[in-house]
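Visitor: Okay, so here is final-v5.pdb, and as you'll see once you scroll down, it has PDB, C-alpha atoms (C1' of nucleotides).
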ATOM      1  CA  MET A   1      34.971 -59.223 126.164  1.00  0.00           C
ATOM      2  CA  GLU A   2      31.695 -60.975 126.690  1.00  0.00           C
ATOM      3  CA  ALA A   3      33.117 -63.506 124.290  1.00  0.00           C
ATOM      4  CA  ILE A   4      34.695 -65.537 127.039  1.00  0.00           C
ATOM      5  CA  GLY A   5      31.474 -66.156 128.867  1.00  0.00           C
ATOM      6  CA  GLU A   6      30.644 -69.302 127.000  1.00  0.00           C
ATOM      7  CA  PRO A   7      31.921 -72.609 128.452  1.00  0.00           C
ATOM      8  CA  ASN A   8      33.123 -74.084 125.189  1.00  0.00           C
ATOM      9  CA  ARG A   9      35.008 -70.925 124.392  1.00  0.00           C
ATOM     10  CA  ARG A  10      36.619 -71.039 127.773  1.00  0.00           C
ATOM     11  CA  ARG A  11      37.709 -74.560 126.980  1.00  0.00           C
ATOM     12  CA  VAL A  12      39.140 -73.421 123.689  1.00  0.00           C
ATOM     13  CA  VAL A  13      41.287 -70.915 125.509  1.00  0.00           C
ATOM     14  CA  GLU A  14      42.399 -73.558 127.964  1.00  0.00           C
ATOM     15  CA  VAL A  15      43.357 -75.895 125.160  1.00  0.00           C
ATOM     16  CA  LEU A  16      45.228 -73.170 123.371  1.00  0.00           C
ATOM     17  CA  ALA A  17      47.025 -72.268 126.547  1.00  0.00           C
ATOM     18  CA  ALA A  18      49.065 -75.382 125.961  1.00  0.00           C
ATOM     19  CA  GLY A  19      50.183 -74.059 122.631  1.00  0.00           C
ATOM     20  CA  GLU A  20      49.206 -73.301 119.065  1.00  0.00           C
ATOM     21  CA  ARG A  21      46.767 -75.697 117.422  1.00  0.00           C
ATOM     22  CA  SER A  22      45.108 -76.041 114.051  1.00  0.00           C
ATOM     23  CA  ALA A  23      41.355 -75.628 113.762  1.00  0.00           C
ATOM     24  CA  GLY A  24      40.980 -79.319 113.146  1.00  0.00           C
ATOM     25  CA  GLU A  25      43.005 -80.317 116.162  1.00  0.00           C
ATOM     26  CA  ILE A  26      40.984 -78.025 118.351  1.00  0.00           C
ATOM     27  CA  ALA A  27      37.665 -79.234 117.010  1.00  0.00           C
ATOM     28  CA  ALA A  28      38.687 -82.844 117.570  1.00  0.00           C
ATOM     29  CA  GLY A  29      38.541 -82.275 121.286  1.00  0.00           C
ATOM     30  CA  PHE A  30      34.908 -81.205 121.273  1.00  0.00           C
ATOM     31  CA  ASP A  31      31.672 -83.089 120.957  1.00  0.00           C
ATOM     32  CA  ILE A  32      30.009 -80.352 118.975  1.00  0.00           C
ATOM     33  CA  SER A  33      30.365 -80.145 115.210  1.00  0.00           C
ATOM     34  CA  ARG A  34      33.455 -78.723 113.594  1.00  0.00           C
ATOM     35  CA  PRO A  35      31.614 -75.708 112.181  1.00  0.00           C
ATOM     36  CA  ALA A  36      30.364 -74.937 115.664  1.00  0.00           C
ATOM     37  CA  VAL A  37      33.917 -74.838 116.926  1.00  0.00           C
ATOM     38  CA  SER A  38      34.909 -72.761 113.939  1.00  0.00           C
ATOM     39  CA  GLN A  39      32.278 -70.242 114.919  1.00  0.00           C
ATOM     40  CA  HIS A  40      33.548 -70.093 118.464  1.00  0.00           C
ATOM     41  CA  LEU A  41      37.038 -69.529 117.141  1.00  0.00           C
ATOM     42  CA  GLY A  42      35.720 -66.715 115.006  1.00  0.00           C
ATOM     43  CA  VAL A  43      34.137 -65.040 118.007  1.00  0.00           C
ATOM     44  CA  LEU A  44      37.317 -65.328 120.014  1.00  0.00           C
ATOM     45  CA  VAL A  45      39.436 -63.908 117.219  1.00  0.00           C
ATOM     46  CA  GLU A  46      36.935 -61.109 116.765  1.00  0.00           C
ATOM     47  CA  ALA A  47      37.203 -60.373 120.470  1.00  0.00           C
ATOM     48  CA  GLY A  48      40.968 -60.230 120.202  1.00  0.00           C
ATOM     49  CA  VAL A  49      41.507 -63.206 122.441  1.00  0.00           C
ATOM     50  CA  LEU A  50      43.020 -65.393 119.744  1.00  0.00           C
ATOM     51  CA  ARG A  51      45.268 -64.923 116.793  1.00  0.00           C
ATOM     52  CA  VAL A  52      45.221 -66.880 113.554  1.00  0.00           C
ATOM     53  CA  ARG A  53      48.107 -67.883 111.406  1.00  0.00           C
ATOM     54  CA  ARG A  54      47.387 -69.336 108.003  1.00  0.00           C
ATOM     55  CA  GLN A  55      49.708 -71.946 106.683  1.00  0.00           C
ATOM     56  CA  GLY A  56      48.694 -73.804 103.583  1.00  0.00           C
ATOM     57  CA  ARG A  57      45.188 -75.064 104.002  1.00  0.00           C
ATOM     58  CA  GLN A  58      45.394 -75.038 107.743  1.00  0.00           C
ATOM     59  CA  ARG A  59      44.795 -72.264 110.216  1.00  0.00           C
ATOM     60  CA  PHE A  60      46.651 -72.253 113.471  1.00  0.00           C
ATOM     61  CA  TYR A  61      45.153 -70.531 116.447  1.00  0.00           C
ATOM     62  CA  SER A  62      46.937 -69.284 119.504  1.00  0.00           C
ATOM     63  CA  VAL A  63      46.158 -67.056 122.427  1.00  0.00           C
ATOM     64  CA  ASP A  64      47.010 -63.427 121.967  1.00  0.00           C
ATOM     65  CA  ALA A  65      49.330 -62.610 124.805  1.00  0.00           C
ATOM     66  CA  SER A  66      47.962 -59.111 125.122  1.00  0.00           C
ATOM     67  CA  ALA A  67      44.531 -60.605 125.699  1.00  0.00           C
ATOM     68  CA  LEU A  68      45.719 -61.927 129.012  1.00  0.00           C
ATOM     69  CA  ASP A  69      45.432 -58.501 130.537  1.00  0.00           C
ATOM     70  CA  GLU A  70      42.039 -57.865 129.075  1.00  0.00           C
ATOM     71  CA  VAL A  71      40.703 -61.157 130.311  1.00  0.00           C
ATOM     72  CA  GLY A  72      42.113 -60.400 133.702  1.00  0.00           C
ATOM     73  CA  ASP A  73      40.551 -56.965 133.732  1.00  0.00           C
ATOM     74  CA  TRP A  74      37.239 -58.358 132.662  1.00  0.00           C
ATOM     75  CA  LEU A  75      37.391 -60.889 135.442  1.00  0.00           C
ATOM     76  CA  GLU A  76      38.166 -58.186 137.944  1.00  0.00           C
ATOM     77  CA  ALA A  77      35.299 -56.078 136.691  1.00  0.00           C
ATOM     78  CA  GLN A  78      32.935 -58.982 137.116  1.00  0.00           C
ATOM     79  CA  ARG A  79      34.194 -59.572 140.589  1.00  0.00           C
ATOM     80  CA  GLY A  80      33.966 -55.897 141.384  1.00  0.00           C
ATOM     81  CA  ARG A  81      30.311 -55.761 140.548  1.00  0.00           C
ATOM     82  CA  TRP A  82      29.472 -58.509 142.910  1.00  0.00           C
ATOM     83  CA  ASN A  83      31.739 -57.279 145.590  1.00  0.00           C
ATOM     84  CA  THR A  84      29.748 -54.077 145.585  1.00  0.00           C
ATOM     85  CA  ALA A  85      26.708 -56.065 146.558  1.00  0.00           C
ATOM     86  CA  LEU A  86      28.569 -58.383 148.870  1.00  0.00           C
ATOM     87  CA  ASP A  87      30.292 -55.584 150.686  1.00  0.00           C
ATOM     88  CA  ALA A  88      27.013 -53.809 151.245  1.00  0.00           C
ATOM     89  CA  LEU A  89      25.511 -57.047 152.473  1.00  0.00           C
ATOM     90  CA  GLU A  90      28.272 -57.888 154.848  1.00  0.00           C
ATOM     91  CA  GLN A  91      28.195 -54.419 156.217  1.00  0.00           C
ATOM     92  CA  ALA A  92      24.439 -54.531 156.640  1.00  0.00           C
ATOM     93  CA  MET A  93      24.680 -57.905 158.294  1.00  0.00           C
ATOM     94  CA  ASP A  94      27.333 -56.792 160.708  1.00  0.00           C
ATOM     95  CA  GLU A  95      25.296 -53.786 161.674  1.00  0.00           C
ATOM     96  CA  GLY A  96      22.080 -55.673 161.877  1.00  0.00           C
ATOM     97  CA  GLU A  97      23.425 -58.374 164.153  1.00  0.00           C
ATOM     98  CA  SER A  98      23.818 -55.865 166.961  1.00  0.00           C
TER      99      SER A  98
ATOM    100  CA  MET B   1      22.994 -70.235 142.328  1.00  0.00           C
ATOM    101  CA  GLU B   2      22.854 -69.182 138.708  1.00  0.00           C
ATOM    102  CA  ALA B   3      20.093 -66.912 139.878  1.00  0.00           C
ATOM    103  CA  ILE B   4      22.426 -64.066 140.641  1.00  0.00           C
ATOM    104  CA  GLY B   5      23.838 -63.807 137.169  1.00  0.00           C
ATOM    105  CA  GLU B   6      21.255 -61.357 135.938  1.00  0.00           C
ATOM    106  CA  PRO B   7      22.031 -57.620 136.340  1.00  0.00           C
ATOM    107  CA  ASN B   8      18.600 -56.631 137.609  1.00  0.00           C
ATOM    108  CA  ARG B   9      18.712 -59.363 140.175  1.00  0.00           C
ATOM    109  CA  ARG B  10      22.085 -58.177 141.294  1.00  0.00           C
ATOM    110  CA  ARG B  11      20.589 -54.742 141.732  1.00  0.00           C
ATOM    111  CA  VAL B  12      17.763 -56.180 143.784  1.00  0.00           C
ATOM    112  CA  VAL B  13      20.273 -57.723 146.137  1.00  0.00           C
ATOM    113  CA  GLU B  14      22.138 -54.440 146.369  1.00  0.00           C
ATOM    114  CA  VAL B  15      18.949 -52.571 147.186  1.00  0.00           C
ATOM    115  CA  LEU B  16      17.984 -55.120 149.782  1.00  0.00           C
ATOM    116  CA  ALA B  17      21.421 -54.918 151.308  1.00  0.00           C
ATOM    117  CA  ALA B  18      20.294 -51.603 152.751  1.00  0.00           C
ATOM    118  CA  GLY B  19      17.441 -53.307 154.526  1.00  0.00           C
ATOM    119  CA  GLU B  20      14.083 -54.961 154.157  1.00  0.00           C
ATOM    120  CA  ARG B  21      11.732 -53.581 151.496  1.00  0.00           C
ATOM    121  CA  SER B  22       8.250 -54.334 150.246  1.00  0.00           C
ATOM    122  CA  ALA B  23       7.774 -55.659 146.730  1.00  0.00           C
ATOM    123  CA  GLY B  24       6.286 -52.357 145.667  1.00  0.00           C
ATOM    124  CA  GLU B  25       9.146 -50.316 147.045  1.00  0.00           C
ATOM    125  CA  ILE B  26      11.640 -52.511 145.275  1.00  0.00           C
ATOM    126  CA  ALA B  27       9.807 -52.396 141.978  1.00  0.00           C
ATOM    127  CA  ALA B  28       9.593 -48.615 142.144  1.00  0.00           C
ATOM    128  CA  GLY B  29      13.331 -48.414 141.663  1.00  0.00           C
ATOM    129  CA  PHE B  30      13.298 -50.238 138.354  1.00  0.00           C
ATOM    130  CA  ASP B  31      12.293 -49.267 134.864  1.00  0.00           C
ATOM    131  CA  ILE B  32      10.872 -52.653 134.061  1.00  0.00           C
ATOM    132  CA  SER B  33       7.305 -53.573 134.935  1.00  0.00           C
ATOM    133  CA  ARG B  34       6.267 -54.557 138.417  1.00  0.00           C
ATOM    134  CA  PRO B  35       5.497 -58.140 137.435  1.00  0.00           C
ATOM    135  CA  ALA B  36       8.945 -58.432 135.950  1.00  0.00           C
ATOM    136  CA  VAL B  37      10.457 -57.439 139.270  1.00  0.00           C
ATOM    137  CA  SER B  38       8.121 -59.828 141.015  1.00  0.00           C
ATOM    138  CA  GLN B  39       9.462 -62.611 138.857  1.00  0.00           C
ATOM    139  CA  HIS B  40      13.016 -61.713 139.703  1.00  0.00           C
ATOM    140  CA  LEU B  41      12.124 -61.724 143.366  1.00  0.00           C
ATOM    141  CA  GLY B  42      10.618 -65.149 142.922  1.00  0.00           C
ATOM    142  CA  VAL B  43      13.774 -66.497 141.377  1.00  0.00           C
ATOM    143  CA  LEU B  44      15.907 -65.081 144.146  1.00  0.00           C
ATOM    144  CA  VAL B  45      13.683 -66.515 146.841  1.00  0.00           C
ATOM    145  CA  GLU B  46      13.684 -69.838 145.060  1.00  0.00           C
ATOM    146  CA  ALA B  47      17.455 -69.721 145.006  1.00  0.00           C
ATOM    147  CA  GLY B  48      17.531 -69.055 148.723  1.00  0.00           C
ATOM    148  CA  VAL B  49      19.070 -65.635 148.335  1.00  0.00           C
ATOM    149  CA  LEU B  50      16.063 -63.754 149.696  1.00  0.00           C
ATOM    150  CA  ARG B  51      13.473 -64.311 152.359  1.00  0.00           C
ATOM    151  CA  VAL B  52       9.871 -63.107 152.292  1.00  0.00           C
ATOM    152  CA  ARG B  53       7.770 -61.942 155.154  1.00  0.00           C
ATOM    153  CA  ARG B  54       4.068 -61.450 154.570  1.00  0.00           C
ATOM    154  CA  GLN B  55       2.362 -58.707 156.467  1.00  0.00           C
ATOM    155  CA  GLY B  56      -1.135 -57.842 155.484  1.00  0.00           C
ATOM    156  CA  ARG B  57      -1.268 -57.354 151.766  1.00  0.00           C
ATOM    157  CA  GLN B  58       2.370 -56.527 151.523  1.00  0.00           C
ATOM    158  CA  ARG B  59       5.386 -58.774 151.194  1.00  0.00           C
ATOM    159  CA  PHE B  60       8.682 -57.692 152.587  1.00  0.00           C
ATOM    160  CA  TYR B  61      11.854 -59.050 151.114  1.00  0.00           C
ATOM    161  CA  SER B  62      15.238 -59.207 152.734  1.00  0.00           C
ATOM    162  CA  VAL B  63      18.530 -60.905 152.048  1.00  0.00           C
ATOM    163  CA  ASP B  64      18.975 -64.254 153.673  1.00  0.00           C
ATOM    164  CA  ALA B  65      22.120 -63.937 155.719  1.00  0.00           C
ATOM    165  CA  SER B  66      23.099 -67.527 155.074  1.00  0.00           C
ATOM    166  CA  ALA B  67      23.055 -66.817 151.360  1.00  0.00           C
ATOM    167  CA  LEU B  68      26.086 -64.635 151.769  1.00  0.00           C
ATOM    168  CA  ASP B  69      28.307 -67.670 151.976  1.00  0.00           C
ATOM    169  CA  GLU B  70      26.718 -69.337 149.001  1.00  0.00           C
ATOM    170  CA  VAL B  71      27.068 -66.252 146.886  1.00  0.00           C
ATOM    171  CA  GLY B  72      30.663 -66.006 147.921  1.00  0.00           C
ATOM    172  CA  ASP B  73      31.269 -69.620 147.078  1.00  0.00           C
ATOM    173  CA  TRP B  74      29.611 -69.218 143.735  1.00  0.00           C
ATOM    174  CA  LEU B  75      31.780 -66.233 142.995  1.00  0.00           C
ATOM    175  CA  GLU B  76      34.874 -68.165 143.927  1.00  0.00           C
ATOM    176  CA  ALA B  77      33.831 -71.053 141.720  1.00  0.00           C
ATOM    177  CA  GLN B  78      33.391 -68.710 138.790  1.00  0.00           C
ATOM    178  CA  ARG B  79      36.759 -67.212 139.425  1.00  0.00           C
ATOM    179  CA  GLY B  80      38.278 -70.622 139.788  1.00  0.00           C
ATOM    180  CA  ARG B  81      37.166 -71.696 136.372  1.00  0.00           C
ATOM    181  CA  TRP B  82      38.793 -68.769 134.745  1.00  0.00           C
ATOM    182  CA  ASN B  83      41.865 -68.955 136.820  1.00  0.00           C
ATOM    183  CA  THR B  84      42.371 -72.436 135.473  1.00  0.00           C
ATOM    184  CA  ALA B  85      42.613 -70.968 132.026  1.00  0.00           C
ATOM    185  CA  LEU B  86      44.518 -67.916 133.089  1.00  0.00           C
ATOM    186  CA  ASP B  87      47.052 -69.846 135.076  1.00  0.00           C
ATOM    187  CA  ALA B  88      47.683 -72.137 132.149  1.00  0.00           C
ATOM    188  CA  LEU B  89      48.023 -69.125 129.913  1.00  0.00           C
ATOM    189  CA  GLU B  90      50.398 -67.257 132.130  1.00  0.00           C
ATOM    190  CA  GLN B  91      52.496 -70.316 132.538  1.00  0.00           C
ATOM    191  CA  ALA B  92      52.550 -70.933 128.810  1.00  0.00           C
ATOM    192  CA  MET B  93      53.447 -67.318 128.173  1.00  0.00           C
ATOM    193  CA  ASP B  94      56.244 -67.346 130.662  1.00  0.00           C
ATOM    194  CA  GLU B  95      57.683 -70.469 129.129  1.00  0.00           C
ATOM    195  CA  GLY B  96      57.192 -69.292 125.601  1.00  0.00           C
ATOM    196  CA  GLU B  97      58.878 -65.943 126.108  1.00  0.00           C
ATOM    197  CA  SER B  98      62.226 -67.646 126.613  1.00  0.00           C
TER     198      SER B  98
ATOM    199  C1'  DC C   1      43.941 -81.078  86.163  1.00  0.00           C
ATOM    200  C1'  DA C   2      40.801 -83.949  89.408  1.00  0.00           C
ATOM    201  C1'  DG C   3      39.994 -85.408  93.730  1.00  0.00           C
ATOM    202  C1'  DA C   4      40.877 -85.071  98.527  1.00  0.00           C
ATOM    203  C1'  DT C   5      41.698 -82.232 102.560  1.00  0.00           C
ATOM    204  C1'  DA C   6      41.196 -78.232 105.842  1.00  0.00           C
ATOM    205  C1'  DT C   7      38.373 -74.802 107.036  1.00  0.00           C
ATOM    206  C1'  DG C   8      35.057 -70.941 106.912  1.00  0.00           C
ATOM    207  C1'  DT C   9      30.238 -69.309 105.728  1.00  0.00           C
ATOM    208  C1'  DA C  10      25.118 -69.431 105.106  1.00  0.00           C
ATOM    209  C1'  DA C  11      20.717 -70.524 106.588  1.00  0.00           C
ATOM    210  C1'  DG C  12      17.712 -72.168 109.587  1.00  0.00           C
ATOM    211  C1'  DC C  13      16.063 -74.507 113.900  1.00  0.00           C
ATOM    212  C1'  DA C  14      15.463 -74.713 118.865  1.00  0.00           C
ATOM    213  C1'  DG C  15      16.056 -73.574 123.621  1.00  0.00           C
ATOM    214  C1'  DT C  16      16.346 -69.905 126.955  1.00  0.00           C
ATOM    215  C1'  DG C  17      15.292 -65.996 129.438  1.00  0.00           C
ATOM    216  C1'  DA C  18      13.583 -61.528 130.300  1.00  0.00           C
ATOM    217  C1'  DC C  19       9.716 -58.668 129.407  1.00  0.00           C
ATOM    218  C1'  DT C  20       4.827 -57.238 128.821  1.00  0.00           C
ATOM    219  C1'  DT C  21      -0.202 -57.304 129.329  1.00  0.00           C
ATOM    220  C1'  DA C  22      -4.078 -59.354 131.396  1.00  0.00           C
ATOM    221  C1'  DC C  23      -5.975 -61.397 135.155  1.00  0.00           C
ATOM    222  C1'  DG C  24      -6.749 -63.621 139.782  1.00  0.00           C
ATOM    223  C1'  DC C  25      -6.466 -63.485 144.807  1.00  0.00           C
ATOM    224  C1'  DA C  26      -6.054 -61.773 149.346  1.00  0.00           C
ATOM    225  C1'  DT C  27      -6.411 -57.876 152.469  1.00  0.00           C
ATOM    226  C1'  DT C  28      -7.666 -53.396 153.898  1.00  0.00           C
ATOM    227  C1'  DT C  29     -10.922 -49.564 153.950  1.00  0.00           C
ATOM    228  C1'  DG C  30     -14.991 -46.641 153.621  1.00  0.00           C
TER     229       DG C  30
ATOM    230  C1'  DC D   1     -20.116 -55.642 151.399  1.00  0.00           C
ATOM    231  C1'  DA D   2     -17.954 -53.162 147.562  1.00  0.00           C
ATOM    232  C1'  DA D   3     -14.104 -50.723 145.963  1.00  0.00           C
ATOM    233  C1'  DA D   4      -9.273 -50.068 146.286  1.00  0.00           C
ATOM    234  C1'  DT D   5      -4.682 -51.709 147.095  1.00  0.00           C
ATOM    235  C1'  DG D   6      -0.569 -54.809 146.841  1.00  0.00           C
ATOM    236  C1'  DC D   7       1.133 -58.707 144.710  1.00  0.00           C
ATOM    237  C1'  DG D   8       1.745 -62.968 142.310  1.00  0.00           C
ATOM    238  C1'  DT D   9       0.662 -65.873 138.183  1.00  0.00           C
ATOM    239  C1'  DA D  10      -0.454 -67.040 133.326  1.00  0.00           C
ATOM    240  C1'  DA D  11       0.407 -66.712 128.713  1.00  0.00           C
ATOM    241  C1'  DG D  12       2.541 -65.101 124.958  1.00  0.00           C
ATOM    242  C1'  DT D  13       6.210 -62.202 122.498  1.00  0.00           C
ATOM    243  C1'  DC D  14      10.865 -61.188 121.225  1.00  0.00           C
ATOM    244  C1'  DA D  15      15.771 -61.305 120.996  1.00  0.00           C
ATOM    245  C1'  DC D  16      19.731 -63.865 121.588  1.00  0.00           C
ATOM    246  C1'  DT D  17      22.736 -67.581 121.038  1.00  0.00           C
ATOM    247  C1'  DG D  18      24.584 -72.038 120.154  1.00  0.00           C
ATOM    248  C1'  DC D  19      24.008 -75.928 117.180  1.00  0.00           C
ATOM    249  C1'  DT D  20      23.394 -78.470 112.840  1.00  0.00           C
ATOM    250  C1'  DT D  21      23.393 -79.397 107.947  1.00  0.00           C
ATOM    251  C1'  DA D  22      24.514 -77.898 103.591  1.00  0.00           C
ATOM    252  C1'  DC D  23      27.693 -75.505 100.733  1.00  0.00           C
ATOM    253  C1'  DA D  24      31.630 -72.481  99.081  1.00  0.00           C
ATOM    254  C1'  DT D  25      36.649 -71.740  98.990  1.00  0.00           C
ATOM    255  C1'  DA D  26      41.375 -72.539  99.018  1.00  0.00           C
ATOM    256  C1'  DT D  27      45.206 -75.597  99.052  1.00  0.00           C
ATOM    257  C1'  DC D  28      47.677 -79.852  98.474  1.00  0.00           C
ATOM    258  C1'  DT D  29      48.498 -84.391  95.852  1.00  0.00           C
ATOM    259  C1'  DG D  30      48.636 -88.050  92.578  1.00  0.00           C
TER     260       DG D  30
END
Written as structure tokens, that's how I'd like the structure from this file.
Guide:
Amino acid sequence: MEAIGEPNRRRVVEVLAAGERSAGEIAAGFDISRPAVSQHLGVLVEAGVLRVRRQGRQRFYSVDASALDEVGDWLEAQRGRWNTALDALEQAMDEGES
Amino acid sequence: MEAIGEPNRRRVVEVLAAGERSAGEIAAGFDISRPAVSQHLGVLVEAGVLRVRRQGRQRFYSVDASALDEVGDWLEAQRGRWNTALDALEQAMDEGES
DNA sequence: CAGATATGTAAGCAGTGACTTACGCATTTG
DNA sequence: CAAATGCGTAAGTCACTGCTTACATATCTG
């Protein structure tokens, strides 16, 4: 789930949150080249965050609903790590201020 | 505040949460070389997360209490970014499931 | 069928960041 | 004062990652 650490990929997810879009439509909203976006899409699909639906010569991407949980868990894990440090700090500070 | 994104640096903060330590003491707890730790310490000081106190030939590092807030803010900002995406997603899912 | 369209893939470049070794500088110690 | 100790700095390596420019592939369209 490290896939969602990249800003552009986060944006892709945000865009797709509004609904299914074709690769071209998605890429149109970015300044980077279309292949670059395509690569990001590939990473996200690989990570299970997105799904692809082929229709004719187009490919429609959408967020995999089940990924919601995973993303949430990942977020929590990230938070948890820091909270470990923060908690220790706060505690130390409180004690030290005596 | 990007400084605290690196795992080893996070560990440094955790270690220092227990109290002030000399550079050598800190480095002893890591597998990487002493200079590498020194560099991490430098970054953290530069970022305002740590303070240094020179005493003789030793340098004692400790967490800067005021950094607590900044770290917290940074964490919140990170969360916020993702929540933007997550909120949109959840909303879209809820609507879509009709 | 030939050309256009929609998209992925390959290959390579460039920036970044963490790490290592080597070295320099101050401070303590015998 | 010379050696030892505690650290930081310099310089260079390496891996990773995102980007770009070709190029390949599949599908429509006239």
Visitor: Name the residues that the PyMOL selection byres ((chain A) within 10 of (chain D)) picks from the file above, as a short mmCIF file (atom, residue, chain, number, x, y, z; two decimals) with C-alpha atoms, keeping the file's coordinate frame, using the file's chain letters and numbers.
Guide:
data_model
loop_
_atom_site.label_atom_id
_atom_site.label_comp_id
_atom_site.auth_asym_id
_atom_site.auth_seq_id
_atom_site.Cartn_x
_atom_site.Cartn_y
_atom_site.Cartn_z
CA GLU A 6 30.64 -69.30 127.00
CA ILE A 32 30.01 -80.35 118.98
CA SER A 33 30.36 -80.14 115.21
CA PRO A 35 31.61 -75.71 112.18
CA ALA A 36 30.36 -74.94 115.66
CA VAL A 37 33.92 -74.84 116.93
CA GLN A 39 32.28 -70.24 114.92
CA HIS A 40 33.55 -70.09 118.46
CA GLN A 55 49.71 -71.95 106.68
CA GLY A 56 48.69 -73.80 103.58
CA ARG A 57 45.19 -75.06 104.00
CA GLN A 58 45.39 -75.04 107.74
#
Visitor: Could the residues of chain C within 12 Å of chain A, counting only C-alpha atoms (C1' of nucleotides), be given as a ChimeraX atom specification, please?
Guide: /C:5-10
Visitor: How far is it from C1' of DG12 in chain C to CA of Val43 in chain A, in Å with one decimal?
Guide: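 Between C1' of DG12 in chain C and CA of Val43 in chain A the gap is 19.8 Å.
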Visitor: If I wrap all listed atoms of range 22-25 of chain D in a box with edges along x, y and z and add 5 Å on each side, what are its centre and edge lengths in Å to one decimal, as AutoDock Vina command-line options?
Guide:
--center_x 30.6 --center_y -74.8 --center_z 101.3 --size_x 22.1 --size_y 16.2 --size_z 14.6
Visitor: May I ask for the distance between C1' of DC13 in chain C and CA of Asn8 in chain A, given in Å to one decimal place?
Guide: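 Distance between the two atoms: 20.5 Å.
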Visitor: Mind giving me the straight-line distance from CA of Arg21 in chain A to CA of Val71 in chain A in Å, one decimal?
Guide: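 Separation of CA of Arg21 in chain A and CA of Val71 in chain A: 20.4 Å.
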Visitor: Given the choices B:Ala77, B:Ala18, B:Ala28, B:Ala3, which gets closest to chain A if the distance is worked out from only C-alpha atoms?
Guide: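 Going through B:Ala77, B:Ala18, B:Ala28, B:Ala3 one by one, the smallest distance to chain A is for B:Ala18.
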Visitor: For the PyMOL selection byres ((chain A and resi 51) around 10), applied here, can you spell out every residue it catches as a PDB file with C-alpha atoms, keeping the file's coordinate frame?
Guide:
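Final file, expr-v2.pdb:
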ATOM      1  CA  GLU A  20      49.206 -73.301 119.065  1.00  0.00           C
ATOM      2  CA  LEU A  41      37.038 -69.529 117.141  1.00  0.00           C
ATOM      3  CA  GLY A  42      35.720 -66.715 115.006  1.00  0.00           C
ATOM      4  CA  LEU A  44      37.317 -65.328 120.014  1.00  0.00           C
ATOM      5  CA  VAL A  45      39.436 -63.908 117.219  1.00  0.00           C
ATOM      6  CA  GLU A  46      36.935 -61.109 116.765  1.00  0.00           C
ATOM      7  CA  ALA A  47      37.203 -60.373 120.470  1.00  0.00           C
ATOM      8  CA  GLY A  48      40.968 -60.230 120.202  1.00  0.00           C
ATOM      9  CA  VAL A  49      41.507 -63.206 122.441  1.00  0.00           C
ATOM     10  CA  LEU A  50      43.020 -65.393 119.744  1.00  0.00           C
ATOM     11  CA  VAL A  52      45.221 -66.880 113.554  1.00  0.00           C
ATOM     12  CA  ARG A  53      48.107 -67.883 111.406  1.00  0.00           C
ATOM     13  CA  ARG A  59      44.795 -72.264 110.216  1.00  0.00           C
ATOM     14  CA  PHE A  60      46.651 -72.253 113.471  1.00  0.00           C
ATOM     15  CA  TYR A  61      45.153 -70.531 116.447  1.00  0.00           C
ATOM     16  CA  SER A  62      46.937 -69.284 119.504  1.00  0.00           C
ATOM     17  CA  VAL A  63      46.158 -67.056 122.427  1.00  0.00           C
ATOM     18  CA  ASP A  64      47.010 -63.427 121.967  1.00  0.00           C
ATOM     19  CA  ALA A  65      49.330 -62.610 124.805  1.00  0.00           C
ATOM     20  CA  ALA A  67      44.531 -60.605 125.699  1.00  0.00           C
TER      21      ALA A  67
END
Visitor: Determine the nearest neighbour of Asp73 in chain A from the options A:Met1, A:Leu16, A:Phe30, A:Arg11, counting all atoms listed in the file.
Guide: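 Between A:Met1, A:Leu16, A:Phe30, A:Arg11, the residue approaching Asp73 in chain A most closely is A:Met1.
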Visitor: Here is a test: counting all atoms listed in the file, which residue of A:Glu70, A:Ala27, A:Arg54, A:Leu75 is nearest to chain B?
Guide: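 Residue with the minimum atom-to-atom distance to chain B: A:Leu75.
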